[in-house]
$ cat run-v3.txt   # compact mmCIF, C-alpha atoms
# COMPACT_ATOMS: atom_id res chain seq x y z
CA MET J 54 0.00 0.00 0.00
CA LEU J 55 1.17 3.50 -0.77
CA SER J 56 0.76 4.71 2.80
CA SER J 57 3.76 2.59 3.75
CA LEU J 58 5.89 5.21 2.01
CA GLN J 59 5.54 7.31 5.15
CA ASN J 60 8.03 5.04 6.84
CA PRO J 61 11.47 5.88 5.39
CA ARG J 62 12.96 2.43 6.03
CA GLN J 63 10.05 0.72 4.35
CA ALA J 64 10.19 3.14 1.42
CA ALA J 65 13.92 2.47 1.10
CA ALA J 66 13.29 -1.27 1.20
CA GLN J 67 10.66 -1.06 -1.52
CA LEU J 68 12.87 1.07 -3.72
CA LEU J 69 15.65 -1.44 -3.10
CA ASN J 70 13.48 -4.33 -4.30
CA PHE J 71 12.84 -2.53 -7.56
CA GLY J 72 16.47 -1.48 -7.92
CA LEU J 73 17.73 -5.01 -7.27
CA ILE J 74 15.57 -6.41 -10.07
CA LEU J 75 17.13 -3.99 -12.55
CA SER J 76 20.68 -4.26 -11.22
CA THR J 77 20.60 -8.06 -11.09
CA ALA J 78 19.43 -8.18 -14.70
CA PHE J 79 22.22 -5.79 -15.68
CA MET J 80 24.92 -7.62 -13.73
CA THR J 81 23.81 -10.98 -15.14
CA TRP J 82 24.24 -9.51 -18.59
CA LYS J 83 27.66 -8.17 -17.66
CA GLY J 84 28.61 -11.53 -16.19
CA LEU J 85 27.71 -13.22 -19.46
CA SER J 86 29.72 -10.56 -21.33
CA VAL J 87 32.76 -11.23 -19.20
CA ILE J 88 32.48 -15.02 -19.55
CA ALA J 89 31.98 -14.90 -23.31
CA ASP J 90 34.49 -12.00 -23.62
CA SER J 91 32.01 -10.22 -25.85
CA PRO J 92 30.45 -6.77 -25.33
CA SER J 93 27.11 -8.23 -26.35
CA PRO J 94 26.90 -11.97 -25.66
CA ILE J 95 23.27 -12.28 -26.77
CA VAL J 96 21.89 -10.71 -29.94
CA VAL J 97 18.62 -10.81 -31.79
CA VAL J 98 18.47 -11.46 -35.53
CA LEU J 99 16.94 -8.43 -37.25
CA SER J 100 16.96 -9.50 -40.89
CA GLY J 101 16.30 -12.55 -43.02
CA SER J 102 19.75 -12.55 -44.62
CA MET J 103 20.74 -15.79 -42.85
CA GLU J 104 17.62 -17.77 -43.68
CA PRO J 105 17.00 -20.65 -43.49
CA ALA J 106 19.49 -20.91 -40.62
CA PHE J 107 18.17 -17.97 -38.61
CA GLN J 108 14.92 -16.05 -38.88
CA ARG J 109 14.06 -12.56 -37.75
CA GLY J 110 13.52 -12.63 -33.99
CA ASP J 111 15.83 -15.56 -33.21
CA LEU J 112 17.98 -15.13 -30.13
CA LEU J 113 21.67 -15.94 -30.67
CA VAL J 114 24.22 -16.80 -27.99
CA LEU J 115 27.74 -15.65 -28.84
CA TRP J 116 31.19 -16.83 -27.80
CA ASN J 117 34.20 -14.62 -28.43
CA ARG J 118 37.13 -16.65 -27.09
CA ASN J 119 39.45 -18.70 -29.32
CA LEU J 120 40.28 -21.36 -26.76
CA PHE J 121 40.96 -24.29 -29.07
CA SER J 122 41.02 -22.94 -32.59
CA GLU J 123 40.89 -19.74 -34.54
CA THR J 124 37.69 -18.35 -36.00
CA ASN J 125 37.42 -20.23 -39.26
CA VAL J 126 35.58 -20.37 -42.55
CA GLY J 127 32.06 -21.72 -42.07
CA GLU J 128 31.44 -20.13 -38.69
CA VAL J 129 28.51 -17.79 -38.31
CA VAL J 130 29.79 -14.61 -36.68
CA VAL J 131 28.41 -11.30 -35.51
CA TYR J 132 30.51 -8.30 -36.51
CA ASN J 133 30.46 -4.56 -36.19
CA VAL J 134 31.29 -2.21 -39.02
CA LYS J 135 32.99 1.07 -38.14
CA GLY J 136 30.50 3.91 -38.25
CA LYS J 137 27.46 1.65 -38.10
CA ASP J 138 26.02 0.73 -34.74
CA ILE J 139 23.95 -2.26 -35.82
CA PRO J 140 25.82 -5.59 -35.56
CA ILE J 141 25.45 -7.99 -38.49
CA VAL J 142 25.13 -11.82 -38.35
CA HIS J 143 26.73 -13.51 -41.36
CA ARG J 144 28.90 -16.49 -42.24
CA ILE J 145 32.65 -16.37 -42.89
CA VAL J 146 33.21 -17.57 -46.46
CA ARG J 147 36.86 -16.70 -47.12
CA LYS J 148 39.90 -16.42 -44.92
CA PHE J 149 43.36 -15.28 -45.95
CA GLY J 150 46.24 -15.67 -43.56
CA THR J 151 46.18 -16.75 -39.90
CA GLY J 152 46.29 -15.12 -36.51
CA PRO J 153 44.69 -11.86 -35.44
CA ASP J 154 45.48 -10.17 -38.76
CA ALA J 155 43.84 -12.77 -40.99
CA LYS J 156 41.57 -11.16 -43.58
CA LEU J 157 37.99 -12.41 -43.36
CA LEU J 158 35.17 -12.09 -45.86
CA THR J 159 31.56 -12.68 -44.81
CA LYS J 160 28.31 -13.32 -46.65
CA GLY J 161 24.70 -13.83 -45.66
CA ASP J 162 23.45 -17.33 -46.56
CA ASN J 163 20.36 -15.80 -48.12
CA ASN J 164 22.16 -12.97 -49.93
CA ALA J 165 23.25 -13.12 -53.56
CA ALA J 166 26.54 -11.31 -53.01
CA ASP J 167 29.18 -11.14 -50.27
CA ASP J 168 29.35 -8.35 -47.71
CA THR J 169 31.88 -5.98 -49.29
CA GLU J 170 28.95 -3.65 -50.00
CA LEU J 171 28.07 -3.60 -46.29
CA TYR J 172 31.55 -2.79 -45.02
CA ALA J 173 32.67 0.76 -44.35
CA ARG J 174 33.87 2.89 -47.26
CA GLY J 175 37.27 1.68 -48.39
CA GLN J 176 37.08 -1.50 -46.25
CA ASP J 177 37.38 -4.74 -48.22
CA TYR J 178 37.62 -7.29 -45.43
CA LEU J 179 37.18 -7.87 -41.68
CA THR J 180 39.81 -8.76 -39.10
CA ARG J 181 39.34 -10.76 -35.91
CA LYS J 182 38.85 -7.68 -33.74
CA ASP J 183 35.79 -6.56 -35.76
CA ILE J 184 34.02 -9.72 -34.66
CA VAL J 185 31.82 -9.61 -31.56
CA GLY J 186 31.46 -13.37 -31.32
CA SER J 187 30.64 -16.65 -33.03
CA VAL J 188 27.15 -18.07 -32.75
CA VAL J 189 27.17 -21.14 -30.49
CA ALA J 190 23.47 -21.54 -29.69
CA TYR J 191 20.14 -20.05 -30.63
CA ILE J 192 16.58 -19.89 -29.36
CA PRO J 193 14.02 -19.36 -32.11
CA PHE J 194 11.59 -16.43 -32.02
CA VAL J 195 12.14 -15.40 -28.38
CA GLY J 196 13.90 -12.20 -29.43
CA TYR J 197 10.83 -10.91 -31.20
CA VAL J 198 9.87 -9.09 -28.00
CA THR J 199 12.93 -6.85 -28.30
CA ILE J 200 12.18 -6.18 -31.97
CA MET J 201 8.73 -5.02 -30.90
CA LEU J 202 10.24 -2.89 -28.14
CA SER J 203 12.79 -1.21 -30.40
CA GLU J 204 10.27 -0.58 -33.18
CA HIS J 205 7.72 0.87 -30.74
CA PRO J 206 9.83 2.67 -28.10
CA TRP J 207 6.79 3.77 -26.07
CA LEU J 208 6.25 0.10 -25.14
CA LYS J 209 9.47 0.29 -23.12
CA THR J 210 8.18 3.20 -21.07
CA VAL J 211 4.88 1.43 -20.50
CA MET J 212 6.59 -1.78 -19.44
CA LEU J 213 9.01 -0.08 -17.05
CA GLY J 214 6.17 1.98 -15.57
CA LEU J 215 4.00 -1.08 -14.99
CA MET J 216 6.89 -2.94 -13.38
CA GLY J 217 7.63 -0.05 -11.05
CA LEU J 218 4.00 0.36 -10.11
CA MET J 219 3.62 -3.35 -9.35
CA VAL J 220 6.65 -3.38 -7.08
CA VAL J 221 5.51 -0.29 -5.20
CA MET J 222 1.96 -1.56 -4.77
CA GLN J 223 2.70 -5.16 -3.83
CA ARG J 224 5.63 -4.74 -1.46
CA GLU J 225 6.89 -8.23 -2.26
CA MET Z 249 -7.56 5.13 15.25
CA ALA Z 250 -8.43 1.57 16.06
CA VAL Z 251 -9.70 1.02 12.53
CA SER Z 252 -7.52 1.97 9.63
CA GLN Z 253 -9.23 4.13 7.07
CA GLU Z 254 -7.58 2.13 4.39
CA LYS Z 255 -9.12 -1.10 3.24
CA VAL Z 256 -7.30 -4.18 2.04
CA THR Z 257 -8.74 -6.76 -0.29
CA VAL Z 258 -9.67 -9.60 2.02
CA TYR Z 259 -8.66 -12.15 -0.60
CA ASN Z 260 -5.14 -10.77 -0.83
CA LEU Z 261 -3.11 -12.72 1.71
CA ALA Z 262 0.01 -10.59 1.19
CA ASP Z 263 -1.98 -7.44 1.99
CA LEU Z 264 -3.48 -9.03 5.10
CA LYS Z 265 -0.04 -10.03 6.28
CA THR Z 266 1.72 -6.74 5.59
CA THR Z 267 -1.07 -4.71 7.17
CA SER Z 268 -0.85 -6.89 10.27
CA ASP Z 269 2.96 -6.72 10.22
CA ASP Z 270 2.81 -2.93 10.15
CA ALA Z 271 0.49 -2.90 13.12
CA ILE Z 272 2.97 -4.70 15.37
CA PRO Z 273 5.60 -1.90 15.59
CA ASN Z 274 2.81 0.67 15.86
CA TYR Z 275 1.34 -1.10 18.84
CA LEU Z 276 4.52 -2.06 20.66
CA ASN Z 277 6.18 1.32 20.15
CA SER Z 278 3.08 2.95 21.63
CA LEU Z 279 3.71 0.81 24.73
CA LYS Z 280 7.16 2.43 25.06
CA PHE Z 281 9.09 -0.47 23.54
CA ARG Z 282 12.37 0.73 22.06
CA GLN Z 283 12.53 -0.63 18.52
CA SER Z 284 15.85 -1.83 17.12
CA HIS Z 285 16.33 -1.41 13.38
CA ARG Z 286 19.63 -3.27 13.16
CA LEU Z 287 18.33 -6.14 10.99
CA THR Z 288 16.68 -3.81 8.48
CA ASP Z 289 19.67 -1.47 8.41
CA VAL Z 290 22.11 -4.25 7.61
CA ARG Z 291 19.79 -5.49 4.87
CA LEU Z 292 19.50 -2.00 3.39
CA ALA Z 293 23.26 -1.46 3.59
CA LEU Z 294 23.97 -4.75 1.77
CA GLY Z 295 21.32 -4.08 -0.85
CA TYR Z 296 22.24 -0.50 -1.53
CA SER Z 297 25.96 -1.20 -1.80
CA ALA Z 298 25.14 -3.87 -4.39
CA LEU Z 299 22.96 -1.34 -6.18
CA ALA Z 300 25.66 1.34 -6.06
CA LEU Z 301 28.20 -1.10 -7.48
CA ALA Z 302 25.89 -1.99 -10.36
CA ALA Z 303 25.29 1.70 -11.03
CA ALA Z 304 29.03 2.39 -11.06
CA CYS Z 305 29.57 -0.56 -13.39
CA PHE Z 306 26.88 0.79 -15.68
CA ALA Z 307 28.51 4.23 -15.65
CA TRP Z 308 32.02 3.11 -16.57
CA ASP Z 309 30.72 0.67 -19.14
CA TYR Z 310 28.65 3.43 -20.75
CA LYS Z 311 31.47 5.98 -20.72
CA LEU Z 312 34.51 3.86 -21.53
CA GLY Z 313 33.15 0.90 -23.46
CA PHE Z 314 33.51 -2.83 -22.81
CA GLU Z 315 37.05 -3.64 -23.96
CA SER Z 316 38.93 -1.15 -21.78
CA THR Z 317 36.96 -1.94 -18.61
CA LYS Z 318 36.35 -5.67 -18.80
CA HIS Z 319 38.68 -6.65 -15.94
CA LEU Z 320 37.05 -4.09 -13.68
CA THR Z 321 33.65 -5.34 -14.82
CA ALA Z 322 34.63 -8.93 -14.06
CA ALA Z 323 35.63 -7.90 -10.54
CA ALA Z 324 32.38 -5.97 -10.14
CA VAL Z 325 30.35 -9.00 -11.20
CA VAL Z 326 32.10 -11.16 -8.60
CA VAL Z 327 31.62 -8.60 -5.81
CA TYR Z 328 28.00 -8.06 -6.81
CA THR Z 329 27.37 -11.81 -6.66
CA LEU Z 330 28.94 -11.95 -3.18
CA LEU Z 331 26.89 -9.00 -1.92
CA ASN Z 332 23.71 -10.48 -3.32
CA GLY Z 333 24.56 -13.84 -1.77
CA ALA Z 334 25.14 -12.16 1.58
CA LEU Z 335 21.79 -10.40 1.24
CA THR Z 336 20.02 -13.66 0.49
CA PHE Z 337 21.76 -15.31 3.43
CA TRP Z 338 20.74 -12.43 5.68
CA LEU Z 339 17.10 -12.68 4.60
CA PHE Z 340 16.79 -16.44 4.97
CA TYR Z 341 19.04 -17.24 7.92
CA VAL Z 342 19.26 -14.08 10.00
CA GLU Z 343 16.04 -12.09 9.47
CA ARG Z 344 13.81 -15.15 8.92
CA GLY Z 345 10.71 -13.04 8.46
CA THR Z 346 11.40 -10.82 11.46
CA VAL Z 347 9.08 -7.83 11.52
CA TYR Z 348 9.97 -6.37 14.88
CA VAL Z 349 12.83 -6.31 17.35
CA GLY Z 350 12.43 -4.15 20.41
CA THR Z 351 13.24 -3.83 24.07
CA ALA Z 352 10.56 -3.41 26.70
CA PRO Z 353 11.00 -0.72 29.37
CA SER Z 354 11.53 -3.58 31.81
CA GLY Z 355 14.51 -4.84 29.80
CA GLU Z 356 13.24 -7.91 27.95
CA THR Z 357 13.96 -8.03 24.24
CA LEU Z 358 11.26 -9.23 21.89
CA ARG Z 359 11.88 -10.51 18.42
CA ILE Z 360 8.74 -11.11 16.42
CA SER Z 361 8.63 -12.92 13.11
CA THR Z 362 5.51 -13.67 11.12
CA ALA Z 363 4.64 -16.04 8.32
CA THR Z 364 1.70 -17.21 6.26
CA LYS Z 365 1.24 -20.35 4.24
CA LYS Z 366 0.10 -20.04 0.67
CA ASN Z 367 -3.70 -19.80 0.39
CA VAL Z 368 -4.26 -20.32 4.13
CA PRO Z 369 -5.56 -17.18 5.87
CA THR Z 370 -3.79 -17.87 9.14
CA TYR Z 371 -1.25 -15.54 10.71
CA HIS Z 372 1.65 -17.42 12.29
CA VAL Z 373 3.50 -15.29 14.81
CA THR Z 374 6.69 -16.38 16.55
CA VAL Z 375 7.78 -14.31 19.51
CA GLU Z 376 11.22 -14.83 20.98
CA VAL Z 377 11.60 -13.29 24.40
CA GLN Z 378 15.13 -12.70 25.62
CA PRO Z 379 15.13 -12.00 29.38
CA LYS Z 380 17.04 -9.01 30.69
CA ASN Z 381 20.00 -10.80 32.25
CA GLY Z 382 20.86 -13.01 29.31
CA GLY Z 383 18.78 -15.94 30.56
CA LYS Z 384 17.32 -18.64 28.37
CA LYS Z 385 15.37 -17.48 25.36
CA GLU Z 386 11.65 -18.17 25.48
CA VAL Z 387 9.82 -18.90 22.24
CA LEU Z 388 6.08 -18.34 21.93
CA LYS Z 389 4.10 -19.36 18.89
CA ILE Z 390 0.70 -17.91 18.01
CA SER Z 391 -1.40 -18.97 15.03
CA ARG Z 392 -4.64 -17.05 14.51
CA ALA Z 393 -7.04 -16.46 11.65
CA PHE Z 394 -6.91 -13.05 9.99
CA THR Z 395 -10.70 -12.88 10.31
CA GLU Z 396 -10.23 -12.12 13.99
CA TRP Z 397 -9.01 -8.59 13.25
CA PHE Z 398 -10.13 -7.83 9.72
CA ASP Z 399 -13.80 -7.11 9.15
CA GLY Z 400 -15.64 -8.32 6.06
CA ALA Z 401 -14.81 -5.17 4.12
CA GLY Z 402 -11.10 -5.47 4.84
CA HIS Z 403 -10.73 -2.83 7.56
CA PHE Z 404 -8.06 -3.58 10.11
CA VAL Z 405 -9.47 -3.52 13.66
CA ALA Z 406 -6.72 -2.88 16.18
CA ALA Z 407 -8.37 -3.99 19.46
CA PRO Z 408 -8.59 -7.75 18.84
CA PHE Z 409 -5.18 -7.72 17.17
CA GLN Z 410 -3.58 -6.03 20.13
CA SER Z 411 -5.29 -8.28 22.65
CA MET Z 412 -3.99 -11.28 20.72
CA LEU Z 413 -0.44 -10.06 21.35
CA ALA Z 414 -1.08 -8.78 24.85
CA SER Z 415 -2.63 -12.02 26.08
CA ALA Z 416 -0.13 -14.36 24.45
CA VAL Z 417 3.03 -12.47 25.38
CA PRO Z 418 3.29 -11.74 29.13
CA VAL Z 419 5.79 -8.91 28.59
CA VAL Z 420 3.26 -7.10 26.43
CA GLY Z 421 0.33 -8.02 28.67
CA LYS Z 422 2.06 -6.46 31.67
CA LEU Z 423 2.39 -3.16 29.84
CA ASP Z 424 -1.14 -3.24 28.48
CA PRO Z 425 -3.29 -5.06 31.05
CA LYS Z 426 -6.46 -3.67 29.49
CA ARG Z 427 -5.91 -5.72 26.36
CA ALA Z 428 -4.58 -8.82 28.06
CA ALA Z 429 -6.93 -11.75 28.62
CA PRO Z 430 -8.25 -12.19 32.15
CA GLN Z 431 -5.74 -14.44 33.84
CA GLU Z 432 -8.20 -16.46 35.96
CA SER Z 433 -9.64 -18.16 32.90
CA ALA Z 434 -7.84 -21.31 31.93
CA MET Z 435 -7.75 -20.28 28.32
CA PRO Z 436 -4.44 -18.73 27.33
CA VAL Z 437 -6.15 -16.53 24.75
CA PRO Z 438 -9.40 -14.58 24.91
CA ALA Z 439 -12.44 -15.71 23.00
CA ALA Z 440 -12.37 -14.36 19.50
CA TYR Z 441 -14.42 -11.32 18.67
CA THR Z 442 -17.57 -12.30 16.82
CA PRO Z 443 -18.14 -10.84 13.39
CA GLU Z 444 -21.00 -8.77 14.81
CA MET Z 445 -18.72 -7.25 17.42
CA LEU Z 446 -16.12 -6.47 14.78
CA ASP Z 447 -18.76 -4.68 12.75
CA VAL Z 448 -19.92 -2.66 15.71
CA LEU Z 449 -16.35 -1.73 16.54
CA ALA Z 450 -15.62 -0.86 12.95
CA LYS Z 451 -18.74 1.25 12.65
CA ALA Z 452 -18.10 3.07 15.89
CA ASN Z 453 -14.56 3.89 14.88
CA ALA Z 454 -15.45 4.72 11.32
CA SER Z 455 -17.95 7.30 12.54
CA VAL Z 456 -15.31 8.82 14.80
CA VAL Z 457 -12.90 8.98 11.89
CA GLY Z 458 -15.66 10.23 9.64
CA SER Z 459 -16.46 13.16 11.89
CA ALA Z 460 -12.81 14.02 12.09
CA ALA Z 461 -12.09 13.84 8.40
CA GLU Z 462 -15.64 14.58 7.26
CA GLU Z 463 -16.30 13.87 3.60
CA ALA Z 464 -13.03 12.11 2.95
CA THR Z 465 -14.12 9.00 4.78
CA GLY Z 466 -17.81 9.65 5.20
CA SER Z 467 -18.58 7.65 2.12
CA GLU Z 468 -16.94 4.58 3.60
CA THR Z 469 -19.02 4.33 6.73
CA PRO Z 470 -21.71 2.04 5.29
CA VAL Z 471 -19.16 -0.41 3.97
CA PRO Z 472 -18.59 -2.45 7.14
CA LYS Z 473 -22.32 -3.13 7.34
CA LYS Z 474 -22.34 -4.52 3.85
CA GLY Z 475 -19.36 -6.71 4.65
CA GLY Z 476 -21.09 -8.08 7.70
CA LYS Z 477 -24.09 -9.12 5.70
CA LYS Z 478 -21.92 -10.83 3.15
CA ARG Z 479 -20.18 -12.86 5.78
CA ARG Z 480 -23.35 -14.11 7.37
CA ALA Z 481 -24.80 -15.20 4.05

$ encode --input "run-v3.txt" --output "structure tokens"
Amino acid sequence: MLSSLQNPRQAAAQLLNFGLILSTAFMTWKGLSVIADSPSPIVVVLSGSMEPAFQRGDLLVLWNRNLFSETNVGEVVVYNVKGKDIPIVHRIVRKFGTGPDAKLLTKGDNNAADDTELYARGQDYLTRKDIVGSVVAYIPFVGYVTIMLSEHPWLKTVMLGLMGLMVVMQRE
Amino acid sequence: MAVSQEKVTVYNLADLKTTSDDAIPNYLNSLKFRQSHRLTDVRLALGYSALALAAACFAWDYKLGFESTKHLTAAAVVVYTLLNGALTFWLFYVERGTVYVGTAPSGETLRISTATKKNVPTYHVTVEVQPKNGGKKEVLKISRAFTEWFDGAGHFVAAPFQSMLASAVPVVGKLDPKRAAPQESAMPVPAAYTPEMLDVLAKANASVVGSAAEEATGSETPVPKKGGKKRRA
């Protein structure tokens, strides 16, 4: 009940409950990042360029450590292009050289041409450090929620508001 | 003030419990108990340091990016996990549902914890009494139905609630003999208030409140009557 806000300790405890939900979600995410050594260990597929392997809305789990072998041809990777903030999920189709300076070329399974068009101006290939991670697992369709949320930003506000209200009202 | 102006939904067990929980410190502090907030304060300290750490982690991650801060972030994740673990431990093994810790003017320390079981409208109260000179701890257990101090409309009625505590816990009864059960009867607890008595009490108090706060609560006065009817049906 809202009247409990008159007691500062109880108000602090209620605020804490809400804060801990958010912070635990955030720290879990950061924990996954640290384990996978990737700034974004879970991504959602936004386009159909990797069909039939991945559809729009699939949730991908990434791994960015080369413990046993280098990132090789055939792996599906997520990479960032300088100047663009949307990561892309495509397959490595060519590799020249070895080690961190190997030149990598990617292509979407469902695309007619390779990705040179998608790279930054003057960039003809990727190197290992452009890659955010290799796909090691996926959950179909679950990520569609985030597509909805990013396409209709007001949904985020509504969701956060409802969550906050529920925590304040229920006290549990 | 014996009846709260606020109503709870009588089907909401969490509301029944928290309303009753809140009434315990109110009552005991009015009897000059000195409340100790140590348990809550430790919980808040643990929780808020975890929260501050997560906020700091968010800040440096946002400002400096992932690559340059990942070792710091790894350390933060470990510390956060430890703090959260400590908080969980504190809640389950130290607080154990404690809603009140306080010392009576005579020196005894009470520690009251409450619990409910899912879908059972019974209030389980455990009172640990620690005598003044470090003697053996006495544990009293009370289990009573919420219907004894909530009327049909969901108003909290303080008198029966307080007499439940006063008659079951001698330390409280000594300070509030009016509410304590008559000692000559063999029963350790007084007979429960009947629904009719609750309604009368609620109505009497509601009208007092109503005259004090006029229109604000005036509209609620007929509600207890309706609740009473519903219960009898």

$ closest_residue --input "run-v3.txt" --among "J:Met103, J:Trp207, J:Ile200, J:Asp111" --to "Thr159 of chain J" --atoms "all atoms listed in the file"
J:Met103

$ residues_around --input "run-v3.txt" --residues "segment 339-356 of chain Z" --least-positions-apart "5" --cutoff "9 Å" --atoms "all atoms listed in the file" --output "PyMOL selection string"
chain Z and resi 269-270+272-273+276-277+279-288+291+334+361-363+374+377-381+419-420+423

$ atom_distance --input "run-v3.txt" --atom1 "atom CA of Glu315 of chain Z" --atom2 "atom CA of Val188 of chain J"
19.6 Å

$ closest_residue --input "run-v3.txt" --among "Z:Lys422, Z:Lys365, Z:Lys385, Z:Lys265" --to "chain J" --atoms "all atoms listed in the file"
Z:Lys265

$ atom_distance --input "run-v3.txt" --atom1 "atom CA of Ala298 of chain Z" --atom2 "atom CA of Thr210 of chain J"
24.8 Å

$ closest_atom_pairs --input "run-v3.txt" --of "chain J" --to "chain Z" --cutoff "8 Å" --atoms "only C-alpha atoms" --output "CSV"
residue,atom,partner,partner_atom,distance
J:Met54,CA,Z:Asp263,CA,8.0
J:Arg62,CA,Z:Thr288,CA,7.7
J:Ala65,CA,Z:Leu292,CA,7.5
J:Ala66,CA,Z:Leu292,CA,6.6
J:Leu69,CA,Z:Gly295,CA,6.6
J:Gly72,CA,Z:Leu299,CA,6.7
J:Leu73,CA,Z:Leu299,CA,6.5
J:Ser76,CA,Z:Ala302,CA,5.7
J:Phe79,CA,Z:Ala302,CA,7.5
J:Met80,CA,Z:Val325,CA,6.1
J:Thr81,CA,Z:Val325,CA,7.9
J:Lys83,CA,Z:Val325,CA,7.0
J:Gly84,CA,Z:Val325,CA,5.9
J:Val87,CA,Z:Ala322,CA,5.9
J:Pro92,CA,Z:Phe314,CA,5.6
J:Gln223,CA,Z:Asp263,CA,7.8

$ atom_distance --input "run-v3.txt" --atom1 "atom CA of Gln410 of chain Z" --atom2 "atom CA of Arg427 of chain Z"
6.7 Å

$ residues_around --input "run-v3.txt" --residues "Asn260 of chain Z" --least-positions-apart "5" --cutoff "10 Å" --atoms "all atoms listed in the file" --output "count of residues only"
4

$ closest_residue --input "run-v3.txt" --among "J:Asp138, J:Asp162, J:Asp90, J:Glu123" --to "Arg181 of chain J" --atoms "all atoms listed in the file"
J:Glu123

$ closest_residue --input "run-v3.txt" --among "J:Val221, J:Ser187, J:Ile141, J:Val134" --to "Val98 of chain J" --atoms "only C-alpha atoms"
J:Ile141

$ residues_around --input "run-v3.txt" --residues "His143 of chain J" --least-positions-apart "3" --cutoff "7 Å" --atoms "all atoms listed in the file" --output "list in words"
Met103, Val129, Val130, Val131, Thr159, Lys160 and Gly161 of chain J

$ closest_residue --input "run-v3.txt" --among "Z:Trp338, Z:Leu261, Z:Thr442, Z:Ile360" --to "Glu396 of chain Z" --atoms "all atoms listed in the file"
Z:Thr442

$ closest_residue --input "run-v3.txt" --among "J:Gly110, J:Ile184, J:Met219, J:Ile88" --to "Glu128 of chain J" --atoms "all atoms listed in the file"
J:Ile184

$ decode --input "run-v3.txt" --residues "segment 184-195 of chain J" --atoms "N, CA and C atoms" --output "PDB file, in the first residue's frame"
ATOM      1  N   ILE J 184      35.054  -8.725 -34.977  1.00  0.00           N
ATOM      2  CA  ILE J 184      34.023  -9.718 -34.658  1.00  0.00           C
ATOM      3  C   ILE J 184      33.635  -9.660 -33.179  1.00  0.00           C
ATOM      4  N   VAL J 185      32.350  -9.669 -32.922  1.00  0.00           N
ATOM      5  CA  VAL J 185      31.820  -9.605 -31.559  1.00  0.00           C
ATOM      6  C   VAL J 185      31.692 -11.007 -30.965  1.00  0.00           C
ATOM      7  N   GLY J 186      31.557 -12.002 -31.826  1.00  0.00           N
ATOM      8  CA  GLY J 186      31.463 -13.367 -31.321  1.00  0.00           C
ATOM      9  C   GLY J 186      30.941 -14.316 -32.382  1.00  0.00           C
ATOM     10  N   SER J 187      31.187 -15.627 -32.149  1.00  0.00           N
ATOM     11  CA  SER J 187      30.645 -16.653 -33.034  1.00  0.00           C
ATOM     12  C   SER J 187      29.373 -17.205 -32.409  1.00  0.00           C
ATOM     13  N   VAL J 188      28.411 -17.542 -33.267  1.00  0.00           N
ATOM     14  CA  VAL J 188      27.147 -18.074 -32.754  1.00  0.00           C
ATOM     15  C   VAL J 188      27.364 -19.504 -32.277  1.00  0.00           C
ATOM     16  N   VAL J 189      27.021 -19.777 -31.009  1.00  0.00           N
ATOM     17  CA  VAL J 189      27.175 -21.139 -30.495  1.00  0.00           C
ATOM     18  C   VAL J 189      25.830 -21.772 -30.141  1.00  0.00           C
ATOM     19  N   ALA J 190      24.780 -20.984 -30.010  1.00  0.00           N
ATOM     20  CA  ALA J 190      23.471 -21.540 -29.690  1.00  0.00           C
ATOM     21  C   ALA J 190      22.412 -20.536 -30.105  1.00  0.00           C
ATOM     22  N   TYR J 191      21.203 -21.005 -30.327  1.00  0.00           N
ATOM     23  CA  TYR J 191      20.141 -20.045 -30.632  1.00  0.00           C
ATOM     24  C   TYR J 191      18.811 -20.529 -30.088  1.00  0.00           C
ATOM     25  N   ILE J 192      17.945 -19.576 -29.799  1.00  0.00           N
ATOM     26  CA  ILE J 192      16.583 -19.886 -29.361  1.00  0.00           C
ATOM     27  C   ILE J 192      15.642 -19.207 -30.352  1.00  0.00           C
ATOM     28  N   PRO J 193      14.851 -19.979 -31.079  1.00  0.00           N
ATOM     29  CA  PRO J 193      14.022 -19.365 -32.105  1.00  0.00           C
ATOM     30  C   PRO J 193      12.974 -18.420 -31.529  1.00  0.00           C
ATOM     31  N   PHE J 194      12.745 -17.305 -32.205  1.00  0.00           N
ATOM     32  CA  PHE J 194      11.588 -16.431 -32.020  1.00  0.00           C
ATOM     33  C   PHE J 194      11.531 -15.621 -30.722  1.00  0.00           C
ATOM     34  N   VAL J 195      12.249 -16.067 -29.674  1.00  0.00           N
ATOM     35  CA  VAL J 195      12.139 -15.400 -28.376  1.00  0.00           C
ATOM     36  C   VAL J 195      12.477 -13.906 -28.459  1.00  0.00           C
TER      37      VAL J 195
END
